[in-house]
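Visitor: I'd like to ask some things about the structure below.
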Amino acid sequence: NHLEDCMSFGRPLLVESLEEELDPILDPVLEKRVTKKGKHFTLTMSDSKEVDFAPSFCMFFTTRLPNPHYSPELSAKLTVIDFTVTMVGLEDQLLGKLISKEKYELENQRQALAEEVNMCRNRIKHLEDDLLFRLSNSTGNLLDDTELIEMLNVTKKTARDVNEKLANASETKRKIVEACEEYRPVAHRATLMYFLIAEFATCNVMYQTS
């Protein structure tokens with residue numbers, strides 16, 4: 001069947017129109033009951049049949065249910081991704097698109113700021129990890145370890161500089177957000193138009209295909 005063929009050859013498998021329950025026959029697949037025999041992998045199905053299993057195999061499920069409720073057991077076996085469009089999410093996406101077109105310099109500044117903040121935090125973490133490593137491996141009196149004392153001073157100075165940069169970055173981010181919010185009404189109107197058009201189908205089935 002399709003499932004066994006896809007598992008054997010490592011092809012993706014798409015199962016459409018999923019309901020709130022799955023056939024128990026898929027439990028071995030979802031639980032990845034895979035065993036290695038030599039250089040090959042096999043999976044034992046519910047009927048005790050062994051099927052060749054390729055590590056590149058993956059399975060996808062889609063559902064037409066607007067708000068499905070899956071059991072905790074099923075949710076633990078799957079990665080659930082909600083692609084439902086919400087007004088808040090769509091408005092934020094449209095705002096980002098609008099800013100990148102009308103005020104691209106703000107978008108570039110925002111991205112550069114995010115990268116700088118990330119680099120600062122990584123630098124602090126790296127220094128802290130190095131300091132903790134030296135403290136845990138230091139022997140004798142800590143006050144006599146000149147390298148450790150020097151590293152501690154460097155870490156304190158760097159942390160102070162980084163905290164100043166983060167404070168400046170926070171203020172810059174606030175100004176960028178204020179500038180971007182000027183375009184929020186446009187994104188809001190576009191969102192309303194999308195959802196109004198999407199609801200046309202409830203008035204007449206003609207709008208489902210037009």
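If you're wondering about the labels, chains in the structure tokens are A, B, ... by order shown, residues count from 1 in each chain, ligands from 1 in order shown.
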Quick one: residues within 12 Å of region 11-24 of chain A, only C-alpha atoms counted, chain neighbours fewer than 5 positions away excluded, as an NGL selection string?
Guide: :A and (1-6 or 29-31 or 45-47 or 53-75 or 77-78)
Visitor: Could you save those same residues with N, CA, C and O atoms as a CSV table (one decimal), in the first residue's frame?
Guide:
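Saved to selection_21.csv:
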```csv
chain,number,residue,atom,x,y,z
A,1,ASN,N,0.8,-1.2,0.0
A,1,ASN,CA,0.0,0.0,0.0
A,1,ASN,C,0.9,1.2,0.0
A,1,ASN,O,2.1,1.2,0.1
A,2,HIS,N,0.2,2.4,0.0
A,2,HIS,CA,1.0,3.7,-0.1
A,2,HIS,C,1.9,3.9,1.1
A,2,HIS,O,3.0,4.4,1.0
A,3,LEU,N,1.3,3.6,2.3
A,3,LEU,CA,2.1,3.8,3.5
A,3,LEU,C,3.4,3.0,3.5
A,3,LEU,O,4.5,3.5,3.8
A,4,GLU,N,3.3,1.7,3.2
A,4,GLU,CA,4.5,0.8,3.2
A,4,GLU,C,5.5,1.3,2.1
A,4,GLU,O,6.7,1.2,2.4
A,5,ASP,N,5.0,1.6,1.0
A,5,ASP,CA,5.9,2.1,-0.1
A,5,ASP,C,6.6,3.3,0.3
A,5,ASP,O,7.8,3.5,0.1
A,6,CYS,N,5.9,4.3,0.9
A,6,CYS,CA,6.6,5.5,1.3
A,6,CYS,C,7.6,5.3,2.4
A,6,CYS,O,8.7,5.9,2.4
A,29,VAL,N,3.7,3.6,13.6
A,29,VAL,CA,4.4,4.6,12.7
A,29,VAL,C,4.6,5.9,13.5
A,29,VAL,O,5.7,6.5,13.5
A,30,LEU,N,3.6,6.4,14.2
A,30,LEU,CA,3.6,7.6,15.0
A,30,LEU,C,4.6,7.5,16.1
A,30,LEU,O,5.2,8.5,16.5
A,31,GLU,N,4.6,6.3,16.7
A,31,GLU,CA,5.5,6.1,17.9
A,31,GLU,C,6.9,5.7,17.5
A,31,GLU,O,7.8,5.5,18.3
A,45,MET,N,4.6,-3.3,12.2
A,45,MET,CA,3.2,-2.8,12.1
A,45,MET,C,2.3,-3.5,13.2
A,45,MET,O,2.8,-4.4,13.9
A,46,SER,N,1.1,-3.0,13.3
A,46,SER,CA,0.2,-3.5,14.3
A,46,SER,C,-0.1,-5.0,14.1
A,46,SER,O,-0.4,-5.7,15.0
A,47,ASP,N,-0.1,-5.5,12.8
A,47,ASP,CA,-0.3,-6.9,12.5
A,47,ASP,C,0.9,-7.7,12.6
A,47,ASP,O,1.0,-8.8,12.0
A,53,PHE,N,12.1,0.5,6.6
A,53,PHE,CA,11.9,1.9,7.0
A,53,PHE,C,13.1,2.7,6.6
A,53,PHE,O,14.2,2.4,7.0
A,54,ALA,N,12.8,3.8,5.9
A,54,ALA,CA,13.9,4.8,5.5
A,54,ALA,C,13.8,6.0,6.4
A,54,ALA,O,12.7,6.5,6.6
A,55,PRO,N,15.0,6.4,7.0
A,55,PRO,CA,15.0,7.5,7.9
A,55,PRO,C,14.4,8.8,7.3
A,55,PRO,O,14.0,9.7,8.0
A,56,SER,N,14.4,8.9,6.0
A,56,SER,CA,13.9,10.2,5.3
A,56,SER,C,12.4,10.2,5.2
A,56,SER,O,11.8,11.2,4.8
A,57,PHE,N,11.7,9.1,5.6
A,57,PHE,CA,10.3,9.1,5.6
A,57,PHE,C,9.6,10.1,6.5
A,57,PHE,O,10.1,10.3,7.7
A,58,CYS,N,8.6,10.8,6.1
A,58,CYS,CA,7.8,11.7,6.9
A,58,CYS,C,6.4,11.7,6.5
A,58,CYS,O,6.0,11.4,5.4
A,59,MET,N,5.5,11.9,7.5
A,59,MET,CA,4.1,11.8,7.2
A,59,MET,C,3.4,13.2,7.6
A,59,MET,O,3.7,13.7,8.7
A,60,PHE,N,2.5,13.6,6.8
A,60,PHE,CA,1.8,14.9,7.1
A,60,PHE,C,0.3,14.6,7.1
A,60,PHE,O,-0.2,13.8,6.3
A,61,PHE,N,-0.4,15.3,8.0
A,61,PHE,CA,-1.9,15.2,8.1
A,61,PHE,C,-2.5,16.6,7.9
A,61,PHE,O,-1.9,17.6,8.4
A,62,THR,N,-3.6,16.7,7.2
A,62,THR,CA,-4.3,17.9,7.1
A,62,THR,C,-5.8,17.7,7.5
A,62,THR,O,-6.3,16.6,7.3
A,63,THR,N,-6.4,18.7,8.0
A,63,THR,CA,-7.8,18.6,8.4
A,63,THR,C,-8.6,19.8,7.9
A,63,THR,O,-8.0,20.9,7.8
A,64,ARG,N,-9.9,19.5,7.7
A,64,ARG,CA,-10.8,20.6,7.3
A,64,ARG,C,-11.5,21.1,8.5
A,64,ARG,O,-12.4,22.1,8.4
A,65,LEU,N,-11.3,20.5,9.7
A,65,LEU,CA,-12.0,21.0,10.9
A,65,LEU,C,-11.5,22.4,11.3
A,65,LEU,O,-10.3,22.6,11.4
A,66,PRO,N,-12.5,23.3,11.6
A,66,PRO,CA,-12.0,24.7,11.9
A,66,PRO,C,-11.4,24.8,13.3
A,66,PRO,O,-10.5,25.6,13.4
A,67,ASN,N,-11.8,23.9,14.2
A,67,ASN,CA,-11.2,24.0,15.5
A,67,ASN,C,-11.1,22.6,16.1
A,67,ASN,O,-11.8,22.2,17.0
A,68,PRO,N,-10.2,21.8,15.6
A,68,PRO,CA,-10.1,20.4,16.1
A,68,PRO,C,-9.6,20.2,17.5
A,68,PRO,O,-8.8,21.1,18.0
A,69,HIS,N,-10.1,19.2,18.2
A,69,HIS,CA,-9.7,18.9,19.6
A,69,HIS,C,-9.1,17.5,19.6
A,69,HIS,O,-9.8,16.5,19.6
A,70,TYR,N,-7.8,17.4,19.6
A,70,TYR,CA,-7.1,16.1,19.7
A,70,TYR,C,-6.8,15.7,21.1
A,70,TYR,O,-6.5,16.6,21.9
A,71,SER,N,-6.8,14.5,21.3
A,71,SER,CA,-6.5,13.9,22.7
A,71,SER,C,-5.1,14.2,23.0
A,71,SER,O,-4.2,14.4,22.1
A,72,PRO,N,-4.8,14.3,24.3
A,72,PRO,CA,-3.4,14.5,24.7
A,72,PRO,C,-2.4,13.4,24.2
A,72,PRO,O,-1.3,13.7,23.9
A,73,GLU,N,-2.9,12.2,24.1
A,73,GLU,CA,-2.1,11.1,23.6
A,73,GLU,C,-1.7,11.3,22.1
A,73,GLU,O,-0.6,11.1,21.7
A,74,LEU,N,-2.7,11.7,21.3
A,74,LEU,CA,-2.5,12.0,19.9
A,74,LEU,C,-1.6,13.2,19.7
A,74,LEU,O,-0.7,13.2,18.9
A,75,SER,N,-1.8,14.2,20.5
A,75,SER,CA,-1.0,15.4,20.4
A,75,SER,C,0.5,15.2,20.8
A,75,SER,O,1.4,15.8,20.2
A,77,LYS,N,2.1,12.5,20.0
A,77,LYS,CA,2.7,11.8,18.9
A,77,LYS,C,2.9,12.7,17.7
A,77,LYS,O,3.7,12.3,16.8
A,78,LEU,N,2.2,13.8,17.6
A,78,LEU,CA,2.3,14.6,16.4
A,78,LEU,C,2.8,16.0,16.8
A,78,LEU,O,2.7,16.4,17.9
```
Visitor: Quick one: everything within 12 Å of Lys175 (chain A), counting only C-alpha atoms, minus sequence neighbours fewer than 6 positions away in the same chain. Send it as a PDB file with C-alpha atoms, in the first residue's frame.
Guide:
```pdb
ATOM      1  CA  LEU A 106      13.044  51.236   9.290  1.00  0.00           C
ATOM      2  CA  GLN A 109      17.213  49.207  11.032  1.00  0.00           C
ATOM      3  CA  ARG A 110      14.927  46.871  12.978  1.00  0.00           C
ATOM      4  CA  LEU A 113      19.008  46.064  15.810  1.00  0.00           C
ATOM      5  CA  ASN A 168      20.069  52.023  23.841  1.00  0.00           C
ATOM      6  CA  ALA A 169      18.704  49.271  21.623  1.00  0.00           C
ATOM      7  CA  GLU A 181       2.432  52.062  14.200  1.00  0.00           C
ATOM      8  CA  GLU A 182       1.568  55.033  11.986  1.00  0.00           C
TER       9      GLU A 182
END
```
Visitor: Identify, with DSSP run on backbone atoms, the residues in region 38-169 of chain A assigned to strand (DSSP E or B), and express the list as an MDAnalysis selection string.
Guide: chainID A and resid 40:44 50:53 58:61
Visitor: Just write the chosen residues, all heavy atoms, as a CSV table (one decimal), in the first residue's frame.
Guide:
```csv
chain,number,residue,atom,x,y,z
A,40,HIS,N,20.1,-1.7,7.9
A,40,HIS,CA,18.8,-1.3,7.5
A,40,HIS,C,17.9,-1.1,8.7
A,40,HIS,O,18.2,-1.7,9.8
A,40,HIS,CB,18.2,-2.3,6.5
A,40,HIS,CG,19.0,-2.6,5.3
A,40,HIS,ND1,19.0,-1.7,4.2
A,40,HIS,CD2,19.8,-3.6,4.9
A,40,HIS,CE1,19.7,-2.1,3.3
A,40,HIS,NE2,20.3,-3.3,3.7
A,41,PHE,N,16.8,-0.4,8.5
A,41,PHE,CA,15.8,-0.2,9.6
A,41,PHE,C,14.5,-0.8,9.2
A,41,PHE,O,14.1,-0.8,8.0
A,41,PHE,CB,15.6,1.3,9.8
A,41,PHE,CG,16.8,2.1,10.3
A,41,PHE,CD1,17.7,2.7,9.5
A,41,PHE,CD2,17.0,2.1,11.7
A,41,PHE,CE1,18.8,3.3,10.0
A,41,PHE,CE2,18.2,2.8,12.2
A,41,PHE,CZ,19.0,3.4,11.3
A,42,THR,N,13.8,-1.4,10.2
A,42,THR,CA,12.5,-2.0,9.9
A,42,THR,C,11.5,-1.4,11.0
A,42,THR,O,11.9,-1.1,12.1
A,42,THR,CB,12.6,-3.5,10.0
A,42,THR,OG1,13.0,-3.9,11.3
A,42,THR,CG2,13.5,-4.1,8.9
A,43,LEU,N,10.3,-1.5,10.6
A,43,LEU,CA,9.2,-1.0,11.5
A,43,LEU,C,8.2,-2.1,11.6
A,43,LEU,O,7.7,-2.6,10.6
A,43,LEU,CB,8.6,0.3,11.1
A,43,LEU,CG,7.6,0.9,12.0
A,43,LEU,CD1,7.8,2.4,12.0
A,43,LEU,CD2,6.2,0.6,11.6
A,44,THR,N,7.8,-2.5,12.8
A,44,THR,CA,6.8,-3.6,13.0
A,44,THR,C,5.4,-3.0,13.1
A,44,THR,O,5.2,-2.2,14.0
A,44,THR,CB,7.1,-4.4,14.3
A,44,THR,OG1,8.5,-4.9,14.2
A,44,THR,CG2,6.1,-5.5,14.4
A,50,GLU,N,6.7,-6.8,9.4
A,50,GLU,CA,7.8,-6.0,9.4
A,50,GLU,C,8.0,-5.3,8.0
A,50,GLU,O,7.9,-5.9,7.0
A,50,GLU,CB,9.1,-6.7,9.7
A,50,GLU,CG,9.2,-7.2,11.1
A,50,GLU,CD,10.6,-7.8,11.5
A,50,GLU,OE1,11.4,-8.0,10.5
A,50,GLU,OE2,10.8,-8.0,12.7
A,51,VAL,N,8.2,-4.0,8.0
A,51,VAL,CA,8.3,-3.2,6.8
A,51,VAL,C,9.6,-2.4,6.8
A,51,VAL,O,10.0,-1.9,7.9
A,51,VAL,CB,7.1,-2.2,6.7
A,51,VAL,CG1,7.2,-1.4,5.4
A,51,VAL,CG2,5.8,-2.9,6.7
A,52,ASP,N,10.3,-2.4,5.7
A,52,ASP,CA,11.5,-1.6,5.6
A,52,ASP,C,11.2,-0.1,5.9
A,52,ASP,O,10.2,0.4,5.4
A,52,ASP,CB,12.1,-1.7,4.2
A,52,ASP,CG,12.7,-3.1,4.0
A,52,ASP,OD1,13.0,-3.8,5.0
A,52,ASP,OD2,12.8,-3.5,2.8
A,53,PHE,N,12.1,0.5,6.6
A,53,PHE,CA,11.9,1.9,7.0
A,53,PHE,C,13.1,2.7,6.6
A,53,PHE,O,14.2,2.4,7.0
A,53,PHE,CB,11.6,2.0,8.5
A,53,PHE,CG,11.3,3.4,9.0
A,53,PHE,CD1,10.0,3.9,9.0
A,53,PHE,CD2,12.3,4.2,9.5
A,53,PHE,CE1,9.7,5.1,9.4
A,53,PHE,CE2,12.0,5.5,9.9
A,53,PHE,CZ,10.7,5.9,9.9
A,58,CYS,N,8.6,10.8,6.1
A,58,CYS,CA,7.8,11.7,6.9
A,58,CYS,C,6.4,11.7,6.5
A,58,CYS,O,6.0,11.4,5.4
A,58,CYS,CB,8.4,13.1,6.9
A,58,CYS,SG,8.6,13.8,5.2
A,59,MET,N,5.5,11.9,7.5
A,59,MET,CA,4.1,11.8,7.2
A,59,MET,C,3.4,13.2,7.6
A,59,MET,O,3.7,13.7,8.7
A,59,MET,CB,3.5,10.7,8.0
A,59,MET,CG,2.0,10.5,7.8
A,59,MET,SD,1.3,9.1,8.8
A,59,MET,CE,1.9,7.7,7.9
A,60,PHE,N,2.5,13.6,6.8
A,60,PHE,CA,1.8,14.9,7.1
A,60,PHE,C,0.3,14.6,7.1
A,60,PHE,O,-0.2,13.8,6.3
A,60,PHE,CB,2.1,15.9,6.0
A,60,PHE,CG,3.6,16.2,5.9
A,60,PHE,CD1,4.4,15.6,5.0
A,60,PHE,CD2,4.2,17.2,6.7
A,60,PHE,CE1,5.7,15.9,4.9
A,60,PHE,CE2,5.5,17.5,6.6
A,60,PHE,CZ,6.3,16.8,5.7
A,61,PHE,N,-0.4,15.3,8.0
A,61,PHE,CA,-1.9,15.2,8.1
A,61,PHE,C,-2.5,16.6,7.9
A,61,PHE,O,-1.9,17.6,8.4
A,61,PHE,CB,-2.3,14.6,9.4
A,61,PHE,CG,-1.8,13.2,9.7
A,61,PHE,CD1,-0.6,13.0,10.3
A,61,PHE,CD2,-2.6,12.1,9.3
A,61,PHE,CE1,-0.2,11.7,10.6
A,61,PHE,CE2,-2.1,10.8,9.5
A,61,PHE,CZ,-0.9,10.6,10.2
```
Visitor: From the set A:Lys39, A:Thr155, A:Cys203, A:Pro185, which residue has the shortest atom-to-atom contact distance to Asp129 (chain A), counting only C-alpha atoms?
Guide: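 So, comparing all the options, the nearest one is A:Thr155.
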Visitor: Residues within 10 Å of region 133-136 of chain A, please, as number ranges by chain. Count only C-alpha atoms; anything in the same chain fewer than 3 positions from it doesn't count.
Guide: A: 127-130, 139, 142, 147-148, 151-152
Visitor: Kindly give the distance, in Å, that separates CA of Cys180 (chain A) and CA of Ile99 (chain A), rounded to a single decimal.
Guide: 6.7 Å
Visitor: Smallest atom-to-atom distance to Arg189 (chain A): which of A:Gly38, A:Ser8, A:Met87, A:Arg33, using only C-alpha atoms?
Guide: A:Met87
Visitor: To one decimal place, how far is CA of Lys101 (chain A) from CA of Ile176 (chain A) in Å?
Guide: 15.1 Å
Visitor: Could you pull out the residues in region 44-184 of chain A that DSSP calls helix (DSSP H, G or I) from the backbone, as an MDAnalysis selection string?
Guide: chainID A and resid 72:77 87:102 104:137 142:144 146:184
Visitor: The selected residues should be written to file as an mmCIF file, in the first residue's frame (atoms: C-alpha atoms).
Guide:
```
data_model
loop_
_atom_site.group_PDB
_atom_site.id
_atom_site.type_symbol
_atom_site.label_atom_id
_atom_site.label_comp_id
_atom_site.auth_asym_id
_atom_site.auth_seq_id
_atom_site.Cartn_x
_atom_site.Cartn_y
_atom_site.Cartn_z
ATOM 1 C CA PRO A 72 -3.355 14.505 24.720
ATOM 2 C CA GLU A 73 -2.097 11.079 23.604
ATOM 3 C CA LEU A 74 -2.452 11.973 19.926
ATOM 4 C CA SER A 75 -0.985 15.443 20.414
ATOM 5 C CA ALA A 76 2.078 13.880 22.038
ATOM 6 C CA LYS A 77 2.700 11.791 18.916
ATOM 7 C CA MET A 87 -7.083 39.027 12.401
ATOM 8 C CA VAL A 88 -4.217 39.914 14.725
ATOM 9 C CA GLY A 89 -1.725 37.659 12.943
ATOM 10 C CA LEU A 90 -2.711 38.839 9.470
ATOM 11 C CA GLU A 91 -2.633 42.484 10.537
ATOM 12 C CA ASP A 92 0.910 42.107 11.887
ATOM 13 C CA GLN A 93 2.049 40.378 8.685
ATOM 14 C CA LEU A 94 0.489 43.047 6.494
ATOM 15 C CA LEU A 95 2.058 45.752 8.641
ATOM 16 C CA GLY A 96 5.481 44.162 8.152
ATOM 17 C CA LYS A 97 4.960 43.990 4.377
ATOM 18 C CA LEU A 98 3.794 47.597 4.303
ATOM 19 C CA ILE A 99 6.754 48.844 6.324
ATOM 20 C CA SER A 100 9.229 46.937 4.148
ATOM 21 C CA LYS A 101 7.750 48.680 1.096
ATOM 22 C CA GLU A 102 7.073 52.193 2.365
ATOM 23 C CA TYR A 104 12.301 49.922 4.158
ATOM 24 C CA GLU A 105 14.999 51.811 6.068
ATOM 25 C CA LEU A 106 13.044 51.236 9.290
ATOM 26 C CA GLU A 107 12.755 47.532 8.522
ATOM 27 C CA ASN A 108 16.489 47.318 7.826
ATOM 28 C CA GLN A 109 17.213 49.207 11.032
ATOM 29 C CA ARG A 110 14.927 46.871 12.978
ATOM 30 C CA GLN A 111 16.655 43.784 11.600
ATOM 31 C CA ALA A 112 20.113 45.212 12.283
ATOM 32 C CA LEU A 113 19.008 46.064 15.810
ATOM 33 C CA ALA A 114 17.742 42.537 16.411
ATOM 34 C CA GLU A 115 21.056 41.102 15.203
ATOM 35 C CA GLU A 116 23.019 43.458 17.458
ATOM 36 C CA VAL A 117 20.933 42.535 20.514
ATOM 37 C CA ASN A 118 21.389 38.846 19.753
ATOM 38 C CA MET A 119 25.170 39.264 19.390
ATOM 39 C CA CYS A 120 25.354 41.139 22.700
ATOM 40 C CA ARG A 121 23.447 38.453 24.553
ATOM 41 C CA ASN A 122 25.578 35.708 23.012
ATOM 42 C CA ARG A 123 28.728 37.580 24.023
ATOM 43 C CA ILE A 124 27.552 37.877 27.628
ATOM 44 C CA LYS A 125 26.656 34.192 27.753
ATOM 45 C CA HIS A 126 30.040 33.212 26.303
ATOM 46 C CA LEU A 127 31.916 35.275 28.896
ATOM 47 C CA GLU A 128 29.793 33.905 31.739
ATOM 48 C CA ASP A 129 30.372 30.326 30.577
ATOM 49 C CA ASP A 130 34.131 30.908 30.392
ATOM 50 C CA LEU A 131 34.145 32.472 33.839
ATOM 51 C CA LEU A 132 32.160 29.622 35.381
ATOM 52 C CA PHE A 133 34.459 27.087 33.716
ATOM 53 C CA ARG A 134 37.547 28.762 35.183
ATOM 54 C CA LEU A 135 35.937 29.043 38.622
ATOM 55 C CA SER A 136 34.963 25.372 38.657
ATOM 56 C CA ASN A 137 38.451 24.278 37.537
ATOM 57 C CA LEU A 142 41.117 32.340 44.022
ATOM 58 C CA LEU A 143 42.701 35.673 44.961
ATOM 59 C CA ASP A 144 46.082 34.370 43.837
ATOM 60 C CA THR A 146 45.681 36.600 38.427
ATOM 61 C CA GLU A 147 44.237 35.298 35.144
ATOM 62 C CA LEU A 148 40.915 34.591 36.833
ATOM 63 C CA ILE A 149 40.844 38.035 38.459
ATOM 64 C CA GLU A 150 41.622 39.648 35.110
ATOM 65 C CA MET A 151 38.896 37.659 33.383
ATOM 66 C CA LEU A 152 36.426 38.654 36.095
ATOM 67 C CA ASN A 153 37.247 42.339 35.550
ATOM 68 C CA VAL A 154 36.931 41.966 31.775
ATOM 69 C CA THR A 155 33.583 40.192 32.192
ATOM 70 C CA LYS A 156 32.249 42.944 34.471
ATOM 71 C CA LYS A 157 33.369 45.688 32.094
ATOM 72 C CA THR A 158 31.967 43.903 29.049
ATOM 73 C CA ALA A 159 28.682 43.209 30.842
ATOM 74 C CA ARG A 160 28.391 46.911 31.705
ATOM 75 C CA ASP A 161 29.058 47.946 28.093
ATOM 76 C CA VAL A 162 26.627 45.358 26.745
ATOM 77 C CA ASN A 163 23.893 46.431 29.164
ATOM 78 C CA GLU A 164 24.319 50.030 27.966
ATOM 79 C CA LYS A 165 23.997 48.860 24.355
ATOM 80 C CA LEU A 166 20.890 46.858 25.215
ATOM 81 C CA ALA A 167 19.359 49.896 26.918
ATOM 82 C CA ASN A 168 20.069 52.023 23.841
ATOM 83 C CA ALA A 169 18.704 49.271 21.623
ATOM 84 C CA SER A 170 15.515 49.146 23.668
ATOM 85 C CA GLU A 171 14.993 52.890 23.213
ATOM 86 C CA THR A 172 15.721 52.623 19.477
ATOM 87 C CA LYS A 173 13.277 49.743 19.175
ATOM 88 C CA ARG A 174 10.593 51.818 20.896
ATOM 89 C CA LYS A 175 11.068 54.649 18.374
ATOM 90 C CA ILE A 176 10.939 52.192 15.456
ATOM 91 C CA VAL A 177 7.732 50.652 16.766
ATOM 92 C CA GLU A 178 6.158 54.096 17.159
ATOM 93 C CA ALA A 179 7.076 54.955 13.572
ATOM 94 C CA CYS A 180 5.697 51.646 12.297
ATOM 95 C CA GLU A 181 2.432 52.062 14.200
ATOM 96 C CA GLU A 182 1.568 55.033 11.986
ATOM 97 C CA TYR A 183 0.770 52.469 9.264
ATOM 98 C CA ARG A 184 -1.324 50.256 11.555
#
```
Visitor: State, in Å with one decimal place, the distance from CA of Lys49 (chain A) to CA of Ile25 (chain A).
Guide: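 If I compute the distance from CA of Lys49 (chain A) to CA of Ile25 (chain A), I get 11.5 Å.
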